[in-house]
$ cat final.cif   # mmCIF, C-alpha atoms
data_entry
#
loop_
_atom_site.group_PDB
_atom_site.id
_atom_site.type_symbol
_atom_site.label_atom_id
_atom_site.label_comp_id
_atom_site.auth_asym_id
_atom_site.auth_seq_id
_atom_site.Cartn_x
_atom_site.Cartn_y
_atom_site.Cartn_z
ATOM 1 C CA ARG B 121 30.861 -47.335 -73.576
ATOM 2 C CA SER B 122 31.612 -43.668 -74.290
ATOM 3 C CA ALA B 123 27.969 -43.116 -75.262
ATOM 4 C CA LEU B 124 26.861 -44.498 -71.878
ATOM 5 C CA VAL B 125 29.273 -42.187 -70.051
ATOM 6 C CA VAL B 126 27.948 -39.182 -71.987
ATOM 7 C CA PHE B 127 24.390 -40.296 -71.236
ATOM 8 C CA LEU B 128 25.059 -40.532 -67.486
ATOM 9 C CA ALA B 129 26.847 -37.175 -67.468
ATOM 10 C CA ALA B 130 23.952 -35.508 -69.281
ATOM 11 C CA ILE B 131 21.432 -37.004 -66.876
ATOM 12 C CA THR B 132 23.488 -35.859 -63.899
ATOM 13 C CA VAL B 133 23.682 -32.303 -65.223
ATOM 14 C CA PHE B 134 19.968 -32.178 -66.041
ATOM 15 C CA ILE B 135 18.800 -33.448 -62.642
ATOM 16 C CA THR B 136 21.268 -31.155 -60.863
ATOM 17 C CA ILE B 137 19.879 -28.140 -62.718
ATOM 18 C CA ARG B 138 16.247 -29.201 -62.283
ATOM 19 C CA PHE B 139 16.545 -30.354 -58.657
ATOM 20 C CA GLU B 140 19.949 -30.659 -56.980
ATOM 21 C CA LEU B 141 23.192 -32.654 -57.068
ATOM 22 C CA LYS B 142 22.209 -35.108 -54.329
ATOM 23 C CA MET B 143 19.133 -36.169 -56.305
ATOM 24 C CA ALA B 144 21.344 -36.685 -59.361
ATOM 25 C CA ILE B 145 23.722 -38.847 -57.314
ATOM 26 C CA ALA B 146 20.843 -40.951 -55.989
ATOM 27 C CA THR B 147 19.495 -41.399 -59.535
ATOM 28 C CA VAL B 148 22.872 -42.520 -60.930
ATOM 29 C CA VAL B 149 23.357 -44.964 -58.046
ATOM 30 C CA ALA B 150 19.914 -46.441 -58.763
ATOM 31 C CA LEU B 151 20.849 -46.782 -62.454
ATOM 32 C CA PHE B 152 24.010 -48.694 -61.572
ATOM 33 C CA HIS B 153 21.920 -50.896 -59.275
ATOM 34 C CA ASP B 154 19.611 -51.721 -62.179
ATOM 35 C CA LEU B 155 22.520 -52.526 -64.490
ATOM 36 C CA ILE B 156 24.190 -54.753 -61.901
ATOM 37 C CA VAL B 157 20.937 -56.628 -61.227
ATOM 38 C CA VAL B 158 20.247 -57.272 -64.917
ATOM 39 C CA VAL B 159 23.844 -58.234 -65.708
ATOM 40 C CA GLY B 160 23.906 -60.501 -62.656
ATOM 41 C CA LEU B 161 20.720 -62.283 -63.738
ATOM 42 C CA TYR B 162 22.069 -62.682 -67.273
ATOM 43 C CA SER B 163 25.257 -64.171 -65.885
ATOM 44 C CA LEU B 164 23.375 -66.440 -63.482
ATOM 45 C CA PHE B 165 21.032 -67.893 -66.104
ATOM 46 C CA ASN B 166 23.481 -67.708 -69.042
ATOM 47 C CA PHE B 167 21.206 -65.552 -71.201
ATOM 48 C CA PRO B 168 22.828 -64.507 -74.485
ATOM 49 C CA VAL B 169 23.840 -60.852 -74.842
ATOM 50 C CA THR B 170 22.903 -59.458 -78.258
ATOM 51 C CA PRO B 171 22.353 -56.002 -79.803
ATOM 52 C CA ALA B 172 18.677 -56.331 -78.859
ATOM 53 C CA THR B 173 19.766 -56.793 -75.243
ATOM 54 C CA VAL B 174 21.788 -53.564 -75.324
ATOM 55 C CA ILE B 175 18.837 -51.651 -76.797
ATOM 56 C CA ALA B 176 16.579 -53.024 -74.069
ATOM 57 C CA LEU B 177 19.042 -51.970 -71.367
ATOM 58 C CA LEU B 178 19.170 -48.410 -72.685
ATOM 59 C CA THR B 179 15.378 -48.317 -72.759
ATOM 60 C CA MET B 180 15.285 -49.602 -69.206
ATOM 61 C CA LEU B 181 17.622 -46.823 -68.033
ATOM 62 C CA GLY B 182 15.258 -44.213 -69.426
ATOM 63 C CA PHE B 183 12.300 -45.730 -67.584
ATOM 64 C CA SER B 184 14.236 -45.910 -64.322
ATOM 65 C CA ILE B 185 15.170 -42.235 -64.587
ATOM 66 C CA TYR B 186 11.550 -41.273 -65.302
ATOM 67 C CA ASP B 187 10.246 -43.187 -62.302
ATOM 68 C CA GLY B 188 12.859 -41.659 -60.012
ATOM 69 C CA ILE B 189 12.137 -38.115 -61.190
ATOM 70 C CA VAL B 190 8.433 -38.614 -60.429
ATOM 71 C CA VAL B 191 9.319 -39.328 -56.804
ATOM 72 C CA PHE B 192 11.906 -36.556 -56.582
ATOM 73 C CA ASP B 193 9.466 -34.026 -57.991
ATOM 74 C CA ARG B 194 7.071 -34.751 -55.131
ATOM 75 C CA VAL B 195 9.927 -34.604 -52.626
ATOM 76 C CA ASP B 196 10.883 -31.214 -54.041
ATOM 77 C CA GLU B 197 7.285 -29.999 -53.687
ATOM 78 C CA ASN B 198 7.102 -31.171 -50.072
ATOM 79 C CA THR B 199 10.396 -29.591 -49.022
ATOM 80 C CA GLY B 200 8.378 -26.732 -47.553
ATOM 81 C CA LEU B 201 7.183 -29.147 -44.853
ATOM 82 C CA VAL B 202 10.690 -29.245 -43.386
ATOM 83 C CA SER B 203 11.556 -25.572 -43.723
ATOM 84 C CA GLY B 204 11.419 -23.223 -40.774
ATOM 85 C CA SER B 205 11.937 -23.719 -37.075
ATOM 86 C CA LYS B 206 8.402 -25.071 -36.506
ATOM 87 C CA ALA B 207 8.710 -28.066 -38.854
ATOM 88 C CA LYS B 208 7.030 -31.157 -37.416
ATOM 89 C CA MET B 209 8.926 -33.861 -39.311
ATOM 90 C CA THR B 210 12.461 -34.724 -40.328
ATOM 91 C CA TYR B 211 13.682 -34.806 -43.917
ATOM 92 C CA SER B 212 13.562 -38.610 -43.931
ATOM 93 C CA GLU B 213 9.963 -38.574 -42.747
ATOM 94 C CA MET B 214 9.060 -36.013 -45.409
ATOM 95 C CA ALA B 215 10.699 -38.182 -48.077
ATOM 96 C CA ASN B 216 8.710 -41.157 -46.816
ATOM 97 C CA VAL B 217 5.472 -39.160 -46.996
ATOM 98 C CA SER B 218 6.321 -38.076 -50.547
ATOM 99 C CA LEU B 219 7.069 -41.661 -51.514
ATOM 100 C CA ASN B 220 3.725 -42.843 -50.167
ATOM 101 C CA GLN B 221 1.935 -40.110 -52.114
ATOM 102 C CA VAL B 222 3.295 -41.319 -55.462
ATOM 103 C CA LEU B 223 3.516 -45.028 -54.619
ATOM 104 C CA MET B 224 0.312 -46.072 -56.364
ATOM 105 C CA ARG B 225 1.158 -43.982 -59.420
ATOM 106 C CA SER B 226 4.577 -45.645 -59.677
ATOM 107 C CA LEU B 227 3.135 -49.118 -59.186
ATOM 108 C CA ASN B 228 0.393 -48.564 -61.757
ATOM 109 C CA THR B 229 2.907 -47.215 -64.274
ATOM 110 C CA SER B 230 5.205 -50.178 -63.713
ATOM 111 C CA ILE B 231 2.428 -52.749 -64.010
ATOM 112 C CA THR B 232 0.942 -51.243 -67.162
ATOM 113 C CA THR B 233 4.432 -51.151 -68.683
ATOM 114 C CA LEU B 234 5.386 -54.688 -67.704
ATOM 115 C CA LEU B 235 2.202 -56.318 -69.022
ATOM 116 C CA PRO B 236 2.830 -55.464 -72.715
ATOM 117 C CA ILE B 237 6.452 -56.557 -72.364
ATOM 118 C CA LEU B 238 5.302 -59.842 -70.879
ATOM 119 C CA SER B 239 3.000 -60.211 -73.864
ATOM 120 C CA VAL B 240 5.954 -59.638 -76.181
ATOM 121 C CA LEU B 241 7.854 -62.364 -74.368
ATOM 122 C CA VAL B 242 5.003 -64.864 -74.552
ATOM 123 C CA VAL B 243 3.940 -64.100 -78.117
ATOM 124 C CA GLY B 244 7.449 -63.592 -79.455
ATOM 125 C CA SER B 245 9.154 -66.602 -77.913
ATOM 126 C CA VAL B 246 6.332 -69.129 -77.572
ATOM 127 C CA ALA B 247 3.869 -68.348 -80.370
ATOM 128 C CA LEU B 248 6.133 -66.903 -83.062
ATOM 129 C CA GLY B 249 9.505 -68.265 -82.033
ATOM 130 C CA ALA B 250 11.161 -64.900 -82.734
ATOM 131 C CA SER B 251 14.489 -64.926 -80.902
ATOM 132 C CA THR B 252 14.992 -61.164 -81.292
ATOM 133 C CA LEU B 253 11.738 -60.403 -79.505
ATOM 134 C CA GLU B 254 12.666 -62.847 -76.782
ATOM 135 C CA GLU B 255 16.117 -61.305 -76.265
ATOM 136 C CA TYR B 256 14.686 -57.803 -76.199
ATOM 137 C CA GLY B 257 11.771 -58.735 -73.954
ATOM 138 C CA ILE B 258 13.829 -60.555 -71.324
ATOM 139 C CA ALA B 259 16.281 -57.689 -70.821
ATOM 140 C CA LEU B 260 13.542 -55.081 -70.799
ATOM 141 C CA PHE B 261 11.331 -57.051 -68.408
ATOM 142 C CA LEU B 262 14.132 -57.624 -65.905
ATOM 143 C CA GLY B 263 15.342 -54.037 -66.228
ATOM 144 C CA LEU B 264 11.931 -52.472 -65.699
ATOM 145 C CA MET B 265 11.276 -54.623 -62.650
ATOM 146 C CA SER B 266 14.611 -53.576 -61.182
ATOM 147 C CA GLY B 267 13.972 -49.936 -62.104
ATOM 148 C CA ALA B 268 10.573 -49.913 -60.425
ATOM 149 C CA TYR B 269 12.203 -51.263 -57.264
ATOM 150 C CA SER B 270 15.268 -49.014 -57.250
ATOM 151 C CA SER B 271 13.406 -45.737 -57.782
ATOM 152 C CA LEU B 272 11.331 -46.429 -54.665
ATOM 153 C CA PHE B 273 13.677 -48.313 -52.360
ATOM 154 C CA ILE B 274 17.170 -47.265 -53.473
ATOM 155 C CA ALA B 275 17.084 -43.708 -54.842
ATOM 156 C CA THR B 276 14.719 -42.116 -52.313
ATOM 157 C CA PRO B 277 16.271 -43.621 -49.141
ATOM 158 C CA LEU B 278 19.739 -42.724 -50.443
ATOM 159 C CA LEU B 279 18.595 -39.145 -51.038
ATOM 160 C CA ALA B 280 17.223 -38.946 -47.472
ATOM 161 C CA LEU B 281 20.505 -40.332 -46.116
ATOM 162 C CA LEU B 282 22.538 -37.726 -48.012
ATOM 163 C CA LYS B 283 20.265 -34.848 -47.016
ATOM 164 C CA GLU B 284 20.250 -35.838 -43.344
ATOM 165 C CA ARG B 285 24.015 -35.226 -43.338
ATOM 166 C CA GLU B 286 23.509 -31.537 -44.086
ATOM 167 C CA PRO B 287 23.876 -29.335 -40.970
ATOM 168 C CA ARG B 288 20.425 -27.751 -41.287
ATOM 169 C CA TYR B 289 18.655 -31.102 -41.513
ATOM 170 C CA ARG B 290 20.741 -32.543 -38.683
ATOM 171 C CA GLU B 291 19.635 -29.593 -36.585
ATOM 172 C CA LEU B 292 16.057 -30.074 -37.772
ATOM 173 C CA ARG B 293 16.094 -33.728 -36.718
ATOM 174 C CA LYS B 294 17.447 -32.803 -33.302
ATOM 175 C CA ASN B 295 14.778 -30.132 -32.790
ATOM 176 C CA VAL B 296 11.922 -32.351 -33.971
ATOM 177 C CA LEU B 297 12.979 -35.232 -31.726
ATOM 178 C CA ALA B 298 13.438 -32.861 -28.788
ATOM 179 C CA ARG B 299 9.928 -31.423 -29.226
ATOM 180 C CA ARG B 300 8.474 -34.914 -29.443
ATOM 181 C CA ALA B 301 10.295 -35.987 -26.300
ATOM 182 C CA ALA B 302 9.030 -32.903 -24.463
ATOM 183 C CA GLY B 303 5.499 -33.626 -25.659
ATOM 184 C CA ASP B 304 5.702 -37.234 -24.483
ATOM 185 C CA GLU B 305 6.959 -36.120 -21.057
ATOM 186 C CA ALA B 306 4.137 -33.592 -20.776
ATOM 187 C CA GLU B 307 1.586 -36.233 -21.714
ATOM 188 C CA LEU B 308 2.945 -38.658 -19.128
ATOM 189 C CA ALA B 309 2.994 -35.949 -16.455
ATOM 190 C CA GLY B 310 -0.585 -34.988 -17.239
ATOM 191 C CA ALA B 311 -1.715 -38.615 -17.148
ATOM 192 C CA ALA B 312 0.003 -39.155 -13.785
ATOM 193 C CA ALA B 313 -1.720 -36.074 -12.365
ATOM 194 C CA GLY B 314 -5.090 -37.280 -13.603
ATOM 195 C CA ASN B 315 -5.277 -34.564 -16.232
ATOM 196 C CA PRO B 316 -4.435 -36.122 -19.633
ATOM 197 C CA VAL B 317 -3.301 -33.665 -22.285
ATOM 198 C CA ALA B 318 -2.922 -33.880 -26.008
ATOM 199 C CA PRO B 319 0.516 -34.990 -27.268
ATOM 200 C CA GLY B 320 2.829 -32.049 -27.784
ATOM 201 C CA SER B 321 0.995 -29.704 -25.421
ATOM 202 C CA ALA B 322 2.047 -28.766 -21.913
ATOM 203 C CA PRO B 323 -0.167 -29.828 -18.979
ATOM 204 C CA ARG B 324 -2.260 -27.086 -17.424
ATOM 205 C CA PRO B 325 -1.208 -26.200 -13.846
ATOM 206 C CA ARG B 326 -3.799 -26.839 -11.157
ATOM 207 C CA ARG B 327 -5.318 -23.828 -9.439
ATOM 208 C CA ARG B 328 -4.648 -23.418 -5.751
ATOM 209 C CA ALA B 329 -7.531 -23.582 -3.344
ATOM 210 C CA GLY B 330 -9.123 -20.258 -2.511
ATOM 211 C CA ARG B 331 -8.536 -18.733 -5.940
#
$ encode --input "final.cif" --output "structure tokens"
Amino acid sequence: RSALVVFLAAITVFITIRFELKMAIATVVALFHDLIVVVGLYSLFNFPVTPATVIALLTMLGFSIYDGIVVFDRVDENTGLVSGSKAKMTYSEMANVSLNQVLMRSLNTSITTLLPILSVLVVGSVALGASTLEEYGIALFLGLMSGAYSSLFIATPLLALLKEREPRYRELRKNVLARRAAGDEAELAGAAAGNPVAPGSAPRPRRRAGR
């Protein structure tokens, strides 16, 4: 138990130094989600908990952290898209764009990791009848599936929620939505006057006769 606490503290410090505290919080929350999911499935199906299970869980935590950092690294790179008064998207929208940019990489990594583990489960439990391989494979398979999900759909949305509470990003959201509303009104006014304009641009005034 103490080793797990030290592990989580070290991860929190590292991610805080490399990125920021809110990303570390989102990562730790995703890790707890993965642990709860795996423990819940073990309790539901009465799987035995052995030393191999504990090793698999620790391995799973490392994978979950890696997958989350891949997404957060892209979010950190794209932060420039929401800096300045002329930003065209909110922090949540930028996080969603970043997530879409690394989605296929995360899915491919997860699939290529899960396939060998599935092979271990099939070969170890069915062909060889090795209980240790089965115990290790079940925990690792469930943990990696949960980790692939949480890094995309738990950690990143939680980070966006925390960042949107900061004053500068609240102000950014208000400004972006206000500009979009003004652009929509200008587009509707131009369409009503028979002079459609591009979204976000003001309609050109008509010239008076004789000029």
$ residues_around --input "final.cif" --residues "His153 in chain B" --least-positions-apart "4" --cutoff "9 Å" --atoms "all atoms listed in the file" --output "MDAnalysis selection string"
chainID B and resid 148:149 157:158 266:267 270 274
$ resolve_selection --input "final.cif" --expression "the PyMOL selection byres ((chain B and resi 172-184) around 6)" --output "short mmCIF file (atom, residue, chain, number, x, y, z; two decimals) with C-alpha atoms, in the frame of the given file"
data_model
loop_
_atom_site.label_atom_id
_atom_site.label_comp_id
_atom_site.auth_asym_id
_atom_site.auth_seq_id
_atom_site.Cartn_x
_atom_site.Cartn_y
_atom_site.Cartn_z
CA VAL B 169 23.84 -60.85 -74.84
CA THR B 170 22.90 -59.46 -78.26
CA PRO B 171 22.35 -56.00 -79.80
CA ILE B 185 15.17 -42.24 -64.59
CA TYR B 186 11.55 -41.27 -65.30
CA ASP B 187 10.25 -43.19 -62.30
CA GLU B 255 16.12 -61.30 -76.26
CA TYR B 256 14.69 -57.80 -76.20
CA ALA B 259 16.28 -57.69 -70.82
CA LEU B 260 13.54 -55.08 -70.80
CA GLY B 263 15.34 -54.04 -66.23
CA LEU B 264 11.93 -52.47 -65.70
CA GLY B 267 13.97 -49.94 -62.10
#
$ closest_residue --input "final.cif" --among "B:Ala309, B:Ala215, B:Val243, B:Thr210" --to "Asn198 in chain B" --atoms "all atoms listed in the file"
B:Ala215
$ resolve_selection --input "final.cif" --expression "the PyMOL selection byres ((chain B and resi 135-144) around 12)" --output "VMD selection string"
chain B and resid 128 to 134 145 to 151 185 to 186 188 to 197 199 215 271 274 to 286
$ write_last_selection --input "final.cif" --atoms "C-alpha atoms" --output "PDB file, in the coordinates of the input"
ATOM      1  CA  LEU B 128      25.059 -40.532 -67.486  1.00  0.00           C
ATOM      2  CA  ALA B 129      26.847 -37.175 -67.468  1.00  0.00           C
ATOM      3  CA  ALA B 130      23.952 -35.508 -69.281  1.00  0.00           C
ATOM      4  CA  ILE B 131      21.432 -37.004 -66.876  1.00  0.00           C
ATOM      5  CA  THR B 132      23.488 -35.859 -63.899  1.00  0.00           C
ATOM      6  CA  VAL B 133      23.682 -32.303 -65.223  1.00  0.00           C
ATOM      7  CA  PHE B 134      19.968 -32.178 -66.041  1.00  0.00           C
ATOM      8  CA  ILE B 145      23.722 -38.847 -57.314  1.00  0.00           C
ATOM      9  CA  ALA B 146      20.843 -40.951 -55.989  1.00  0.00           C
ATOM     10  CA  THR B 147      19.495 -41.399 -59.535  1.00  0.00           C
ATOM     11  CA  VAL B 148      22.872 -42.520 -60.930  1.00  0.00           C
ATOM     12  CA  VAL B 149      23.357 -44.964 -58.046  1.00  0.00           C
ATOM     13  CA  ALA B 150      19.914 -46.441 -58.763  1.00  0.00           C
ATOM     14  CA  LEU B 151      20.849 -46.782 -62.454  1.00  0.00           C
ATOM     15  CA  ILE B 185      15.170 -42.235 -64.587  1.00  0.00           C
ATOM     16  CA  TYR B 186      11.550 -41.273 -65.302  1.00  0.00           C
ATOM     17  CA  GLY B 188      12.859 -41.659 -60.012  1.00  0.00           C
ATOM     18  CA  ILE B 189      12.137 -38.115 -61.190  1.00  0.00           C
ATOM     19  CA  VAL B 190       8.433 -38.614 -60.429  1.00  0.00           C
ATOM     20  CA  VAL B 191       9.319 -39.328 -56.804  1.00  0.00           C
ATOM     21  CA  PHE B 192      11.906 -36.556 -56.582  1.00  0.00           C
ATOM     22  CA  ASP B 193       9.466 -34.026 -57.991  1.00  0.00           C
ATOM     23  CA  ARG B 194       7.071 -34.751 -55.131  1.00  0.00           C
ATOM     24  CA  VAL B 195       9.927 -34.604 -52.626  1.00  0.00           C
ATOM     25  CA  ASP B 196      10.883 -31.214 -54.041  1.00  0.00           C
ATOM     26  CA  GLU B 197       7.285 -29.999 -53.687  1.00  0.00           C
ATOM     27  CA  THR B 199      10.396 -29.591 -49.022  1.00  0.00           C
ATOM     28  CA  ALA B 215      10.699 -38.182 -48.077  1.00  0.00           C
ATOM     29  CA  SER B 271      13.406 -45.737 -57.782  1.00  0.00           C
ATOM     30  CA  ILE B 274      17.170 -47.265 -53.473  1.00  0.00           C
ATOM     31  CA  ALA B 275      17.084 -43.708 -54.842  1.00  0.00           C
ATOM     32  CA  THR B 276      14.719 -42.116 -52.313  1.00  0.00           C
ATOM     33  CA  PRO B 277      16.271 -43.621 -49.141  1.00  0.00           C
ATOM     34  CA  LEU B 278      19.739 -42.724 -50.443  1.00  0.00           C
ATOM     35  CA  LEU B 279      18.595 -39.145 -51.038  1.00  0.00           C
ATOM     36  CA  ALA B 280      17.223 -38.946 -47.472  1.00  0.00           C
ATOM     37  CA  LEU B 281      20.505 -40.332 -46.116  1.00  0.00           C
ATOM     38  CA  LEU B 282      22.538 -37.726 -48.012  1.00  0.00           C
ATOM     39  CA  LYS B 283      20.265 -34.848 -47.016  1.00  0.00           C
ATOM     40  CA  GLU B 284      20.250 -35.838 -43.344  1.00  0.00           C
ATOM     41  CA  ARG B 285      24.015 -35.226 -43.338  1.00  0.00           C
ATOM     42  CA  GLU B 286      23.509 -31.537 -44.086  1.00  0.00           C
TER      43      GLU B 286
END
$ residues_near_point --input "final.cif" --point "(11.9, -30.7, -33.3)" --cutoff "12 Å" --atoms "all atoms listed in the file" --output "PyMOL selection string"
chain B and resi 202-211+289-303+320
$ write_last_selection --input "final.cif" --atoms "C-alpha atoms" --output "CSV table (one decimal), in the coordinates of the input"
chain,number,residue,atom,x,y,z
B,202,VAL,CA,10.7,-29.2,-43.4
B,203,SER,CA,11.6,-25.6,-43.7
B,204,GLY,CA,11.4,-23.2,-40.8
B,205,SER,CA,11.9,-23.7,-37.1
B,206,LYS,CA,8.4,-25.1,-36.5
B,207,ALA,CA,8.7,-28.1,-38.9
B,208,LYS,CA,7.0,-31.2,-37.4
B,209,MET,CA,8.9,-33.9,-39.3
B,210,THR,CA,12.5,-34.7,-40.3
B,211,TYR,CA,13.7,-34.8,-43.9
B,289,TYR,CA,18.7,-31.1,-41.5
B,290,ARG,CA,20.7,-32.5,-38.7
B,291,GLU,CA,19.6,-29.6,-36.6
B,292,LEU,CA,16.1,-30.1,-37.8
B,293,ARG,CA,16.1,-33.7,-36.7
B,294,LYS,CA,17.4,-32.8,-33.3
B,295,ASN,CA,14.8,-30.1,-32.8
B,296,VAL,CA,11.9,-32.4,-34.0
B,297,LEU,CA,13.0,-35.2,-31.7
B,298,ALA,CA,13.4,-32.9,-28.8
B,299,ARG,CA,9.9,-31.4,-29.2
B,300,ARG,CA,8.5,-34.9,-29.4
B,301,ALA,CA,10.3,-36.0,-26.3
B,302,ALA,CA,9.0,-32.9,-24.5
B,303,GLY,CA,5.5,-33.6,-25.7
B,320,GLY,CA,2.8,-32.0,-27.8
$ closest_residue --input "final.cif" --among "B:Met214, B:Leu219, B:Ser226, B:Pro168" --to "Thr252 in chain B" --atoms "all atoms listed in the file"
B:Pro168
$ atom_distance --input "final.cif" --atom1 "CA of Leu238 in chain B" --atom2 "CA of Ala123 in chain B"
28.5 Å
$ residues_around --input "final.cif" --residues "range 228-236 of chain B" --least-positions-apart "6" --cutoff "8 Å" --atoms "only C-alpha atoms" --output "list of chain:residue names"
B:Phe261, B:Leu264, B:Met265, B:Ala268
$ atom_distance --input "final.cif" --atom1 "CA of Gly160 in chain B" --atom2 "CA of Arg225 in chain B"
28.3 Å
$ atom_distance --input "final.cif" --atom1 "CA of Tyr162 in chain B" --atom2 "CA of Ile237 in chain B"
17.5 Å
